[in-house]
Every structure is written in structure tokens, then in C-alpha cells.
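Participant: As input, take final.csv (CSV, C-alpha atoms):
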```csv
chain,number,residue,atom,x,y,z
A,1,MET,CA,-2.9,-23.2,-0.5
A,2,ARG,CA,0.8,-23.0,0.1
A,3,LEU,CA,1.9,-22.8,3.7
A,4,LEU,CA,4.5,-20.3,4.7
A,5,VAL,CA,7.7,-21.3,6.4
A,6,PRO,CA,8.5,-18.8,9.1
A,7,THR,CA,11.7,-16.9,8.5
A,8,LEU,CA,11.8,-15.1,11.8
A,9,THR,CA,14.7,-15.9,14.1
A,10,PHE,CA,16.3,-14.4,17.2
A,11,PRO,CA,19.3,-15.6,19.3
A,12,SER,CA,18.6,-18.8,21.2
A,13,SER,CA,19.3,-17.0,24.5
A,14,LEU,CA,16.2,-14.9,23.9
A,15,LYS,CA,14.1,-18.0,23.3
A,16,GLN,CA,15.0,-19.2,26.8
A,17,LEU,CA,14.3,-15.8,28.4
A,18,GLY,CA,11.1,-15.3,26.6
A,19,SER,CA,9.7,-18.8,26.8
A,20,THR,CA,7.7,-18.2,30.0
A,21,ILE,CA,6.4,-14.7,29.3
A,22,ARG,CA,2.7,-14.2,30.0
A,23,ALA,CA,2.4,-10.4,29.8
A,24,ALA,CA,4.2,-7.5,28.3
A,25,ILE,CA,4.4,-3.9,29.3
A,26,PHE,CA,4.9,-1.2,26.6
A,27,ASP,CA,5.7,2.5,27.0
A,28,VAL,CA,4.1,4.9,24.6
A,29,ASP,CA,6.4,7.8,23.7
A,30,GLY,CA,9.5,6.5,22.0
A,31,VAL,CA,8.2,2.9,21.9
A,32,LEU,CA,4.7,2.9,20.3
A,33,THR,CA,5.4,6.3,18.8
A,34,ASP,CA,8.7,7.9,17.6
A,35,GLY,CA,8.6,10.2,20.7
A,36,THR,CA,7.6,13.3,18.8
A,37,LEU,CA,4.9,15.3,20.5
A,38,PHE,CA,2.7,17.6,18.3
A,39,ILE,CA,0.9,20.0,20.6
A,40,SER,CA,-1.9,22.2,19.1
A,41,GLU,CA,-2.7,25.8,20.3
A,42,ALA,CA,-5.5,24.2,22.3
A,43,GLY,CA,-3.1,22.0,24.1
A,44,GLU,CA,-4.1,18.8,22.4
A,45,THR,CA,-1.3,16.3,22.0
A,46,LEU,CA,-1.2,14.4,18.7
A,47,LYS,CA,0.8,11.3,18.2
A,48,ALA,CA,1.5,9.0,15.2
A,49,PHE,CA,1.2,5.2,15.6
A,50,HIS,CA,2.5,2.5,13.2
A,51,ALA,CA,0.0,-0.1,11.9
A,52,LEU,CA,2.7,-2.8,12.3
A,53,ASP,CA,2.9,-2.1,16.0
A,54,GLY,CA,-0.8,-2.1,16.4
A,55,HIS,CA,-1.2,-5.5,14.7
A,56,GLY,CA,1.6,-6.8,16.8
A,57,LEU,CA,-0.3,-5.9,20.0
A,58,LYS,CA,-3.4,-7.7,18.7
A,59,LEU,CA,-1.4,-10.8,17.8
A,60,LEU,CA,0.2,-10.8,21.2
A,61,ALA,CA,-3.3,-11.0,22.8
A,62,GLN,CA,-4.4,-13.6,20.3
A,63,GLY,CA,-1.3,-15.6,21.3
A,64,GLY,CA,-2.2,-15.6,25.0
A,65,ILE,CA,0.3,-12.9,26.1
A,66,THR,CA,-1.5,-9.9,27.8
A,67,PRO,CA,-0.4,-6.5,26.4
A,68,ILE,CA,-0.2,-3.8,29.0
A,69,VAL,CA,0.6,-0.1,28.4
A,70,ILE,CA,2.1,2.1,31.1
A,71,THR,CA,2.7,5.7,30.1
A,72,GLY,CA,3.8,8.8,31.8
A,73,ARG,CA,1.5,11.0,29.8
A,74,ASP,CA,-2.3,10.9,29.3
A,75,SER,CA,-3.9,11.9,26.0
A,76,PRO,CA,-7.2,11.2,24.2
A,77,SER,CA,-5.2,10.0,21.2
A,78,VAL,CA,-3.4,7.3,23.2
A,79,ARG,CA,-6.7,6.2,24.9
A,80,ARG,CA,-8.4,6.0,21.5
A,81,ARG,CA,-5.6,4.0,19.9
A,82,LEU,CA,-5.5,1.5,22.8
A,83,LYS,CA,-9.3,1.2,22.7
A,84,ASP,CA,-9.2,0.5,19.0
A,85,LEU,CA,-6.6,-2.2,19.5
A,86,GLY,CA,-8.6,-3.8,22.4
A,87,VAL,CA,-5.8,-3.1,25.0
A,88,THR,CA,-7.7,-3.1,28.3
A,89,HIS,CA,-4.8,-3.1,30.8
A,90,ALA,CA,-3.3,0.5,30.7
A,91,VAL,CA,-2.2,3.1,33.2
A,92,PHE,CA,-2.0,6.7,32.0
A,93,GLY,CA,-0.1,9.6,33.6
A,94,ALA,CA,2.1,7.2,35.6
A,95,HIS,CA,4.9,9.1,37.4
A,96,ASP,CA,6.1,6.0,39.1
A,97,LYS,CA,5.8,3.1,36.6
A,98,LEU,CA,6.8,0.5,39.1
A,99,ALA,CA,4.0,1.5,41.4
A,100,ALA,CA,1.6,1.4,38.4
A,101,ALA,CA,2.8,-2.0,37.3
A,102,GLU,CA,2.5,-4.0,40.5
A,103,PRO,CA,-1.3,-3.9,40.9
A,104,LEU,CA,-1.8,-4.9,37.3
A,105,MET,CA,0.6,-7.8,37.8
A,106,ALA,CA,-1.2,-8.9,40.9
A,107,GLN,CA,-4.5,-8.7,39.1
A,108,LEU,CA,-3.2,-10.9,36.3
A,109,GLY,CA,-1.3,-13.2,38.6
A,110,VAL,CA,2.0,-12.6,36.7
A,111,SER,CA,5.5,-12.5,38.3
A,112,TRP,CA,8.4,-10.4,37.0
A,113,ALA,CA,10.0,-13.5,35.6
A,114,GLU,CA,6.8,-13.9,33.4
A,115,MET,CA,6.9,-10.2,32.3
A,116,ALA,CA,8.4,-8.6,29.3
A,117,VAL,CA,9.0,-4.8,29.2
A,118,MET,CA,9.7,-2.5,26.3
A,119,GLY,CA,10.9,1.0,27.2
A,120,ASP,CA,13.2,3.7,25.9
A,121,ASP,CA,14.1,6.1,28.7
A,122,TRP,CA,14.9,6.4,32.4
A,123,PRO,CA,11.3,6.2,33.8
A,124,ASP,CA,11.2,2.7,32.3
A,125,LEU,CA,14.4,1.5,34.0
A,126,PRO,CA,12.7,0.2,37.2
A,127,LEU,CA,10.5,-2.1,35.1
A,128,LEU,CA,13.3,-3.2,32.7
A,129,VAL,CA,15.7,-4.3,35.4
A,130,ARG,CA,13.0,-6.5,37.0
A,131,ALA,CA,11.6,-8.0,33.8
A,132,GLY,CA,12.1,-11.5,32.7
A,133,LEU,CA,12.8,-10.1,29.2
A,134,ALA,CA,13.8,-6.4,28.7
A,135,VAL,CA,13.6,-4.9,25.2
A,136,ALA,CA,14.5,-1.5,23.9
A,137,PRO,CA,13.9,0.2,20.5
A,138,ALA,CA,16.9,1.4,18.5
A,139,ASN,CA,16.4,5.0,19.5
A,140,ALA,CA,16.4,4.2,23.3
A,141,HIS,CA,18.6,6.1,25.7
A,142,ALA,CA,22.0,4.5,26.3
A,143,GLU,CA,21.2,3.5,29.9
A,144,VAL,CA,18.1,1.6,28.7
A,145,LYS,CA,20.1,-0.2,26.0
A,146,ALA,CA,22.7,-1.2,28.6
A,147,VAL,CA,20.1,-3.1,30.6
A,148,ALA,CA,18.1,-4.5,27.7
A,149,HIS,CA,18.3,-8.2,26.8
A,150,HIS,CA,17.4,-7.2,23.2
A,151,VAL,CA,17.7,-3.9,21.3
A,152,SER,CA,15.5,-3.8,18.3
A,153,ALA,CA,16.9,-2.9,14.9
A,154,LEU,CA,13.9,-0.6,14.5
A,155,ARG,CA,13.0,2.7,16.1
A,156,GLY,CA,10.1,3.4,18.3
A,157,GLY,CA,6.9,4.1,16.3
A,158,GLN,CA,8.4,2.5,13.3
A,159,GLY,CA,7.9,-1.2,14.0
A,160,ALA,CA,10.0,-1.8,17.1
A,161,ALA,CA,7.0,-2.8,19.2
A,162,ARG,CA,6.0,-5.3,16.5
A,163,GLU,CA,9.5,-6.8,16.6
A,164,CYS,CA,9.1,-7.2,20.4
A,165,CYS,CA,5.7,-8.9,19.9
A,166,ASP,CA,7.1,-11.2,17.2
A,167,LEU,CA,10.0,-12.1,19.5
A,168,LEU,CA,7.6,-13.0,22.3
A,169,LEU,CA,5.4,-15.0,20.1
A,170,TRP,CA,8.4,-16.8,18.6
A,171,ALA,CA,10.0,-17.5,22.1
A,172,THR,CA,6.7,-18.9,23.4
A,173,GLY,CA,6.2,-21.1,20.3
A,174,ARG,CA,3.0,-19.3,19.1
A,175,TYR,CA,4.4,-17.4,16.1
A,176,GLU,CA,4.0,-20.1,13.5
A,177,ALA,CA,0.4,-21.0,14.4
A,178,LEU,CA,-0.7,-17.4,14.2
A,179,LEU,CA,1.1,-16.9,10.9
A,180,GLN,CA,-0.6,-20.0,9.4
A,181,GLY,CA,-3.9,-18.9,10.8
A,182,HIS,CA,-3.7,-15.6,9.0
A,183,LEU,CA,-3.3,-17.4,5.7
A,184,GLN,CA,-6.8,-18.9,6.3
A,185,THR,CA,-8.5,-15.8,7.6
A,186,LEU,CA,-7.1,-12.9,5.5
A,187,ASP,CA,-9.8,-13.2,2.9
A,188,THR,CA,-12.5,-13.2,5.5
A,189,THR,CA,-11.3,-10.3,7.7
A,190,ALA,CA,-14.0,-7.8,8.4
A,191,ALA,CA,-13.8,-4.5,6.4
A,192,GLY,CA,-12.4,-1.7,8.5
A,193,ALA,CA,-10.6,-3.9,11.0
A,194,THR,CA,-8.1,-1.9,13.0
A,195,ARG,CA,-4.4,-2.6,12.7
```
Translate this structure into C-alpha cells?

Facilitator:
Amino acid sequence: MRLLVPTLTFPSSLKQLGSTIRAAIFDVDGVLTDGTLFISEAGETLKAFHALDGHGLKLLAQGGITPIVITGRDSPSVRRRLKDLGVTHAVFGAHDKLAAAEPLMAQLGVSWAEMAVMGDDWPDLPLLVRAGLAVAPANAHAEVKAVAHHVSALRGGQGAARECCDLLLWATGRYEALLQGHLQTLDTTAAGATR
């Protein structure tokens, strides 16, 4: 079997900022989705998620970094997606994301210096300005991009969250081991595994 040589690189300044990250908060609309809301006549909100982002969240957990979701909306589709991915730390319908984050951080024993945040709009700003590493998708609002340490080349719902996960795994030195591990386990992955 041929080993892969990782090709992923980010600026060295991000390695320093991300090296101590132990948990990461992700917004949903505009980060894990493209921000489009499909609302049926019955009022059900439908959202589209990207498999790359989902697998990134799973890799983050495998790499020892706790994925957290804090979203201003609540919908069955988001709850289902997070359950499928095994994300157990989430707050739905959060009008004050800072107030929602602090109890989770206390529960996990994580400081702001050990926290990464990926958000795209003003409600995420209180988290982003405190985070040890702040990340924004390419489609984020200008004020969010201005405070972010890194702006993804990708848009929300189109792989931006995966880029953030890869960045965190790379900065903490876990990326290569996870990549090599997938070479050994891809043939034995259970049928129907969720990405």
C-alpha cells in the first residue's frame, strides 16, 4: 500500500493560533448550509448540507477536537443532520450565542483561547472576537471577514466547514494520522455510513 503525502498547507500563523484548539463552534445557516431557507406551505424548513462538511465534523471528533453547533434557528432537519453525524453538543434557537456558548465551554473545561469559531454574520461576532481561532466562509458578511483570522476560499454549505476542520486538524498535528488511517479503513467502512 502506498502512503499518501499530505498536500494540505495553511499559513504558519494559523498553525500557531490553532495548535491549542480543543473545541470548535459552527453556525448552521451560511456555514454548514449555503444560507438558503426552503420553507414549505406547512412551515417546515428544509436545508441542504454538504457531505464534505459532515465528514469534516466527524474527523474533528476523531481527532480529539469537540465539534459544537450553535444556531439561531431550530429545525428538525438540523437536529437530524447533527444526530446522524454524532454531534452531541448543540444549542438550537440561540438568540444570544455568547450566552449559549459559555455553559458548554464550562461543561467541556475549554477556554476561549482553546476554542475555534466559524460564523458568517453579526450574531456570530461575539464568539468570533473571543475565539482563539476565528474562521469565516467566503460568503460571510464583511464585518465577520474583518475579524476572522482565516477566510475560507469556499462558501458556506459548499465545503467551507470542511476546510475549517482540516485547518484545525493540521494545526494540532492530527491531520496526517487521520489521513493515513483512512487508507487502512476505507475498504472496511460499514455500508451506509453517514458523511

Participant: Just checking: using all atoms listed in the file, which residue out of A:Gly157, A:Pro137, A:Pro76, A:Pro11 ends up closest to Asp53 in chain A?

Facilitator: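 Ranking A:Gly157, A:Pro137, A:Pro76, A:Pro11 by distance to Asp53 in chain A, first place goes to A:Gly157.
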
Participant: In Å, how far is it from CA of Met118 in chain A to CA of His182 in chain A?

Facilitator: 25.5 Å

Participant: Identify, on the basis of all atoms listed in the file, every residue whose closest approach to Trp170 in chain A does not exceed 8 Å; exclude the query and any residue fewer than 3 positions from it along the same chain; express the result as a list in words.

Facilitator: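 Result of the neighbour search: Leu8, Thr9, Lys15, Asp166, Leu167, Gly173, Arg174, Tyr175 and Glu176 of chain A.
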
Participant: I'd like the neighbourhood of Asp121 in chain A as a list in words, where a residue qualifies if any of its atoms comes within 7 Å (using only C-alpha atoms), though same-chain residues fewer than 6 positions away should be ignored.

Facilitator: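 So, after excluding close chain neighbours, the residues are Ala140, His141 and Val144 of chain A.
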
Participant: With only C-alpha atoms counted, which protein, DNA or RNA residues have an atom no more than 6 Å from (12.5, -0.5, 20.4) in the file frame? Please answer as a list in words.

Facilitator: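 Returned residue set, sorted by chain then number, is Val31, Ala136, Pro137, Ala138, Ser152, Arg155, Gly156 and Ala160 of chain A.
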
Participant: Could you tell me how far CA of Pro6 in chain A lies from CA of Leu133 in chain A, in Å and to one decimal?

Facilitator: 22.3 Å

Participant: Between CA of Gln158 in chain A and CA of His50 in chain A, what is the distance, to one decimal in Å?

Facilitator: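 Between CA of Gln158 in chain A and CA of His50 in chain A the gap is 5.9 Å.
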
Participant: If we count all atoms listed in the file, what is near Val78 in chain A at a cut-off of 12 Å, once residues fewer than 3 positions away on the same chain are taken out, given as number ranges by chain?

Facilitator: A: 27-29, 32-33, 37, 44-49, 54, 69-75, 81-85, 87, 90-93

Participant: For Gly64 in chain A, which of A:Ala24, A:Phe10, A:Ile39, A:Gln107 is the closest residue, counting only C-alpha atoms?

Facilitator: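 The answer is A:Ala24, which sits nearest to Gly64 in chain A.
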
Participant: Using all atoms listed in the file, pick whichever of A:Ala23, A:Leu125, A:Leu59, A:Ala42 has the shortest atom-to-atom distance to Gly181 in chain A.

Facilitator: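 Counting all atoms listed in the file, the residue closest to Gly181 in chain A is A:Leu59.
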
Participant: From the options A:Ala106, A:Ile25, A:Ala153, A:Ala51, which residue's atoms come nearest to Asp124 in chain A, counting all atoms listed in the file?

Facilitator: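 Selected residue with least distance to Asp124 in chain A: A:Ile25.
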
Participant: Find, counting all atoms listed in the file, the residue in A:Leu154, A:Ala146, A:Leu60, A:Ile21 that gets nearest to Val129 in chain A.

Facilitator: A:Ala146

Participant: So, counting all atoms listed in the file, which residue among A:Thr172, A:Thr7, A:Ser12, A:Ser77 is closest to His150 in chain A?

Facilitator: A:Ser12

Participant: Missing atoms in range 73-91 of chain A should be modelled up to N, CA, C and O atoms and reported as a PDB file, keeping the file's coordinate frame.

Facilitator:
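Written file, selection.pdb:
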```pdb
ATOM      1  N   ARG A  73       2.354   9.900  30.259  1.00  0.00           N
ATOM      2  CA  ARG A  73       1.500  11.000  29.800  1.00  0.00           C
ATOM      3  C   ARG A  73       0.060  10.376  29.616  1.00  0.00           C
ATOM      4  O   ARG A  73      -0.128   9.176  29.538  1.00  0.00           O
ATOM      5  N   ASP A  74      -0.882  11.276  29.524  1.00  0.00           N
ATOM      6  CA  ASP A  74      -2.300  10.900  29.300  1.00  0.00           C
ATOM      7  C   ASP A  74      -2.758  11.764  28.115  1.00  0.00           C
ATOM      8  O   ASP A  74      -2.551  12.972  28.128  1.00  0.00           O
ATOM      9  N   SER A  75      -3.351  11.157  27.121  1.00  0.00           N
ATOM     10  CA  SER A  75      -3.900  11.900  26.000  1.00  0.00           C
ATOM     11  C   SER A  75      -5.052  11.172  25.384  1.00  0.00           C
ATOM     12  O   SER A  75      -5.054   9.935  25.365  1.00  0.00           O
ATOM     13  N   PRO A  76      -6.033  11.894  24.863  1.00  0.00           N
ATOM     14  CA  PRO A  76      -7.200  11.200  24.200  1.00  0.00           C
ATOM     15  C   PRO A  76      -6.704  10.368  23.018  1.00  0.00           C
ATOM     16  O   PRO A  76      -7.293   9.318  22.766  1.00  0.00           O
ATOM     17  N   SER A  77      -5.642  10.780  22.314  1.00  0.00           N
ATOM     18  CA  SER A  77      -5.200  10.000  21.200  1.00  0.00           C
ATOM     19  C   SER A  77      -4.663   8.628  21.580  1.00  0.00           C
ATOM     20  O   SER A  77      -4.910   7.626  20.910  1.00  0.00           O
ATOM     21  N   VAL A  78      -3.954   8.559  22.701  1.00  0.00           N
ATOM     22  CA  VAL A  78      -3.400   7.300  23.200  1.00  0.00           C
ATOM     23  C   VAL A  78      -4.600   6.396  23.658  1.00  0.00           C
ATOM     24  O   VAL A  78      -4.672   5.208  23.337  1.00  0.00           O
ATOM     25  N   ARG A  79      -5.507   6.991  24.409  1.00  0.00           N
ATOM     26  CA  ARG A  79      -6.700   6.200  24.900  1.00  0.00           C
ATOM     27  C   ARG A  79      -7.472   5.673  23.712  1.00  0.00           C
ATOM     28  O   ARG A  79      -7.917   4.525  23.731  1.00  0.00           O
ATOM     29  N   ARG A  80      -7.647   6.477  22.670  1.00  0.00           N
ATOM     30  CA  ARG A  80      -8.400   6.000  21.500  1.00  0.00           C
ATOM     31  C   ARG A  80      -7.683   4.891  20.781  1.00  0.00           C
ATOM     32  O   ARG A  80      -8.289   3.899  20.389  1.00  0.00           O
ATOM     33  N   ARG A  81      -6.373   5.033  20.615  1.00  0.00           N
ATOM     34  CA  ARG A  81      -5.600   4.000  19.900  1.00  0.00           C
ATOM     35  C   ARG A  81      -5.682   2.671  20.671  1.00  0.00           C
ATOM     36  O   ARG A  81      -5.908   1.617  20.079  1.00  0.00           O
ATOM     37  N   LEU A  82      -5.508   2.703  21.984  1.00  0.00           N
ATOM     38  CA  LEU A  82      -5.500   1.500  22.800  1.00  0.00           C
ATOM     39  C   LEU A  82      -6.941   0.851  22.762  1.00  0.00           C
ATOM     40  O   LEU A  82      -7.074  -0.375  22.683  1.00  0.00           O
ATOM     41  N   LYS A  83      -7.960   1.680  22.803  1.00  0.00           N
ATOM     42  CA  LYS A  83      -9.300   1.200  22.700  1.00  0.00           C
ATOM     43  C   LYS A  83      -9.548   0.471  21.378  1.00  0.00           C
ATOM     44  O   LYS A  83     -10.119  -0.620  21.313  1.00  0.00           O
ATOM     45  N   ASP A  84      -9.100   1.107  20.293  1.00  0.00           N
ATOM     46  CA  ASP A  84      -9.200   0.500  19.000  1.00  0.00           C
ATOM     47  C   ASP A  84      -8.547  -0.837  18.860  1.00  0.00           C
ATOM     48  O   ASP A  84      -8.995  -1.719  18.125  1.00  0.00           O
ATOM     49  N   LEU A  85      -7.417  -0.983  19.582  1.00  0.00           N
ATOM     50  CA  LEU A  85      -6.600  -2.200  19.500  1.00  0.00           C
ATOM     51  C   LEU A  85      -7.132  -3.267  20.536  1.00  0.00           C
ATOM     52  O   LEU A  85      -6.646  -4.400  20.542  1.00  0.00           O
ATOM     53  N   GLY A  86      -8.047  -2.887  21.409  1.00  0.00           N
ATOM     54  CA  GLY A  86      -8.600  -3.800  22.400  1.00  0.00           C
ATOM     55  C   GLY A  86      -7.637  -4.011  23.599  1.00  0.00           C
ATOM     56  O   GLY A  86      -7.764  -5.003  24.319  1.00  0.00           O
ATOM     57  N   VAL A  87      -6.720  -3.074  23.819  1.00  0.00           N
ATOM     58  CA  VAL A  87      -5.800  -3.100  25.000  1.00  0.00           C
ATOM     59  C   VAL A  87      -6.594  -2.631  26.185  1.00  0.00           C
ATOM     60  O   VAL A  87      -6.944  -1.448  26.248  1.00  0.00           O
ATOM     61  N   THR A  88      -6.865  -3.506  27.140  1.00  0.00           N
ATOM     62  CA  THR A  88      -7.700  -3.100  28.300  1.00  0.00           C
ATOM     63  C   THR A  88      -6.891  -2.871  29.556  1.00  0.00           C
ATOM     64  O   THR A  88      -7.422  -2.311  30.510  1.00  0.00           O
ATOM     65  N   HIS A  89      -5.641  -3.269  29.575  1.00  0.00           N
ATOM     66  CA  HIS A  89      -4.800  -3.100  30.800  1.00  0.00           C
ATOM     67  C   HIS A  89      -3.836  -1.899  30.448  1.00  0.00           C
ATOM     68  O   HIS A  89      -2.865  -2.071  29.704  1.00  0.00           O
ATOM     69  N   ALA A  90      -4.139  -0.724  31.015  1.00  0.00           N
ATOM     70  CA  ALA A  90      -3.300   0.500  30.700  1.00  0.00           C
ATOM     71  C   ALA A  90      -3.368   1.400  31.944  1.00  0.00           C
ATOM     72  O   ALA A  90      -4.383   1.483  32.637  1.00  0.00           O
ATOM     73  N   VAL A  91      -2.244   2.082  32.149  1.00  0.00           N
ATOM     74  CA  VAL A  91      -2.200   3.100  33.200  1.00  0.00           C
ATOM     75  C   VAL A  91      -1.633   4.372  32.467  1.00  0.00           C
ATOM     76  O   VAL A  91      -0.592   4.324  31.802  1.00  0.00           O
TER      77      VAL A  91
END
```
